[in-house]
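Shown next, in structure tokens, is the structure this report addresses.
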Amino acid sequence: MTERRAILSGSTFEEQIGYARAVVDGDWVHVSGTTGFDYTTMTISDDVVEQAAQCLRNIEAALAEAGCTFADVVRVRYLLPEREDFEPCWPVLRRAFGEVRPAATMLVCGLADPRMKIEIEVYARRATA
């Protein structure tokens, strides 16, 4: 039987809405859309670049708990309410994914909270031993 387990970050949103930060399903790790909230304080920066950096810290923690790193990411999806906010984030995103080169999509859409300026979702595949 394939291993399936949920990874929780402690975000109040996970409890309120009913989802997990990530789900490990066999070798696959599905990381939910992750915003720039610092889950220990449930605060969020007003700066989109800092939000992107915090998104990546949150994602990195979930991947680590699943036994992965950014090097295992095969797909990334960026969601932003404002198109012009994407390019300032590129250097931060490139630090995480520049060598990995996952398939990527950027969408302009509304997010759940008006303080959120970027949301990032990733899929990773764990290396098999």
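In the structure tokens, each chain is lettered A, B, ... as it comes, each chain's residues begin at 1, and ligands are numbered from 1 in order of appearance.
Excluding Asp25 of chain A itself and same-chain residues fewer than 5 positions from it, the residues having an atom within 8 Å of it are Thr2, Glu3, Arg4, Arg5 and His30 of chain A, counting only C-alpha atoms.
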Subject >> DSSP-assigned strand (DSSP E) members of chain A, reported as an MDAnalysis selection string >> reply: chainID A and resid 4:7 22:25 28:35 37:38 43:44 73:80 103:108 119:125
Keeping only N, CA and C atoms, write those residues as a compact mmCIF listing (two decimals), in the first residue's frame.
```txt
# COMPACT_ATOMS: atom_id res chain seq x y z
N ARG A 4 0.57 7.44 2.53
CA ARG A 4 -0.10 8.74 2.39
C ARG A 4 -0.18 9.36 3.76
N ARG A 5 0.38 10.57 3.87
CA ARG A 5 0.31 11.25 5.16
C ARG A 5 0.25 12.76 4.94
N ALA A 6 -0.35 13.41 5.90
CA ALA A 6 -0.49 14.87 5.85
C ALA A 6 0.62 15.51 6.67
N ILE A 7 1.10 16.65 6.17
CA ILE A 7 2.08 17.47 6.88
C ILE A 7 1.40 18.78 7.22
N ALA A 22 0.97 20.03 3.22
CA ALA A 22 1.45 19.14 2.17
C ALA A 22 0.87 17.75 2.41
N VAL A 23 0.80 16.98 1.33
CA VAL A 23 0.41 15.58 1.41
C VAL A 23 1.48 14.76 0.70
N VAL A 24 1.99 13.78 1.43
CA VAL A 24 2.93 12.82 0.85
C VAL A 24 2.10 11.64 0.38
N ASP A 25 2.24 11.29 -0.89
CA ASP A 25 1.52 10.17 -1.47
C ASP A 25 2.53 9.33 -2.24
N TRP A 28 5.45 11.03 -4.26
CA TRP A 28 5.01 12.39 -4.60
C TRP A 28 4.70 13.21 -3.37
N VAL A 29 5.07 14.48 -3.43
CA VAL A 29 4.76 15.43 -2.36
C VAL A 29 4.02 16.60 -2.99
N HIS A 30 2.80 16.81 -2.56
CA HIS A 30 1.95 17.88 -3.06
C HIS A 30 1.88 18.97 -1.99
N VAL A 31 2.47 20.12 -2.26
CA VAL A 31 2.47 21.22 -1.29
C VAL A 31 1.36 22.19 -1.68
N SER A 32 0.46 22.44 -0.74
CA SER A 32 -0.65 23.36 -0.97
C SER A 32 -0.15 24.75 -1.34
N GLY A 33 -1.02 25.52 -1.95
CA GLY A 33 -0.72 26.93 -2.17
C GLY A 33 -0.31 27.53 -0.83
N THR A 34 0.87 28.14 -0.82
CA THR A 34 1.49 28.61 0.42
C THR A 34 1.75 30.10 0.31
N THR A 35 1.29 30.84 1.28
CA THR A 35 1.43 32.29 1.26
C THR A 35 2.57 32.73 2.16
N PHE A 37 2.67 34.14 5.03
CA PHE A 37 2.48 34.24 6.48
C PHE A 37 3.60 33.52 7.21
N ASP A 38 4.09 34.14 8.27
CA ASP A 38 4.97 33.47 9.21
C ASP A 38 4.03 32.73 10.16
N THR A 43 1.72 36.46 11.14
CA THR A 43 1.87 37.81 10.60
C THR A 43 2.37 37.68 9.16
N ILE A 44 2.19 38.77 8.39
CA ILE A 44 2.59 38.77 7.00
C ILE A 44 3.14 40.15 6.65
N VAL A 73 11.68 19.39 -6.62
CA VAL A 73 10.47 20.03 -7.15
C VAL A 73 10.42 19.86 -8.67
N VAL A 74 9.28 19.38 -9.15
CA VAL A 74 9.09 19.19 -10.59
C VAL A 74 8.10 20.18 -11.20
N ARG A 75 7.27 20.81 -10.36
CA ARG A 75 6.26 21.75 -10.85
C ARG A 75 6.07 22.83 -9.80
N VAL A 76 6.00 24.08 -10.24
CA VAL A 76 5.71 25.21 -9.35
C VAL A 76 4.64 26.07 -10.00
N ARG A 77 3.74 26.56 -9.19
CA ARG A 77 2.68 27.45 -9.67
C ARG A 77 2.69 28.70 -8.79
N TYR A 78 2.76 29.86 -9.45
CA TYR A 78 2.76 31.15 -8.77
C TYR A 78 1.41 31.82 -9.00
N LEU A 79 0.80 32.29 -7.93
CA LEU A 79 -0.49 32.97 -8.00
C LEU A 79 -0.34 34.35 -7.40
N LEU A 80 -0.68 35.37 -8.17
CA LEU A 80 -0.54 36.76 -7.70
C LEU A 80 -1.75 37.58 -8.12
N ALA A 103 8.92 22.76 -14.11
CA ALA A 103 7.87 23.32 -14.94
C ALA A 103 7.17 24.38 -14.10
N ALA A 104 6.79 25.51 -14.71
CA ALA A 104 6.24 26.62 -13.91
C ALA A 104 5.09 27.30 -14.64
N THR A 105 4.17 27.83 -13.84
CA THR A 105 3.06 28.62 -14.34
C THR A 105 2.85 29.79 -13.40
N MET A 106 2.53 30.95 -13.96
CA MET A 106 2.16 32.12 -13.16
C MET A 106 0.75 32.51 -13.56
N LEU A 107 -0.10 32.67 -12.58
CA LEU A 107 -1.49 33.08 -12.81
C LEU A 107 -1.79 34.35 -12.05
N VAL A 108 -2.56 35.24 -12.65
CA VAL A 108 -3.06 36.43 -11.97
C VAL A 108 -4.47 36.11 -11.50
N GLU A 119 1.14 33.61 -3.75
CA GLU A 119 0.92 32.27 -3.22
C GLU A 119 1.69 31.33 -4.15
N ILE A 120 2.38 30.36 -3.56
CA ILE A 120 3.20 29.44 -4.35
C ILE A 120 2.81 28.00 -3.98
N GLU A 121 2.64 27.19 -5.02
CA GLU A 121 2.29 25.78 -4.85
C GLU A 121 3.34 24.96 -5.58
N VAL A 122 3.77 23.85 -4.98
CA VAL A 122 4.77 23.00 -5.65
C VAL A 122 4.39 21.53 -5.55
N TYR A 123 4.91 20.79 -6.51
CA TYR A 123 4.85 19.33 -6.52
C TYR A 123 6.28 18.83 -6.58
N ALA A 124 6.59 17.87 -5.75
CA ALA A 124 7.94 17.31 -5.72
C ALA A 124 7.86 15.79 -5.80
N ARG A 125 8.92 15.20 -6.29
CA ARG A 125 9.00 13.74 -6.31
C ARG A 125 10.24 13.32 -5.54
```
**OP:** Would you please give, as a PyMOL selection string, all residues of chain A that DSSP assigns to alpha helix (DSSP H) based on the backbone?
**Re:** chain A and resi 12-13+48-65+86-97
**OP:** Go through A:Cys55, A:Ser9, A:Glu14, A:Glu87 one by one, measure the shortest atom-to-atom distance of each to Thr40 of chain A using only C-alpha atoms, and give the residue with the smallest value.
**Re:**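 For Thr40 of chain A, the nearest of the given residues is A:Ser9.
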Original post:
Could you name the residues that touch Arg57 of chain A at 10 Å or less, counting only C-alpha atoms, but leaving out those on the same chain fewer than 3 positions away, as an NGL selection string?
Top reply: :A and (34 or 36 or 38 or 51-54 or 60-63 or 96)
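Put simply, atom CA of Ile118 of chain A is 23.1 Å away from atom CA of Ala66 of chain A.
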Subject >> 6 Å contact set for Leu8 of chain A, only C-alpha atoms, chain neighbours under 2 positions out, as a list of chain:residue names >> reply: A:Gly10, A:Ala20, A:Arg21
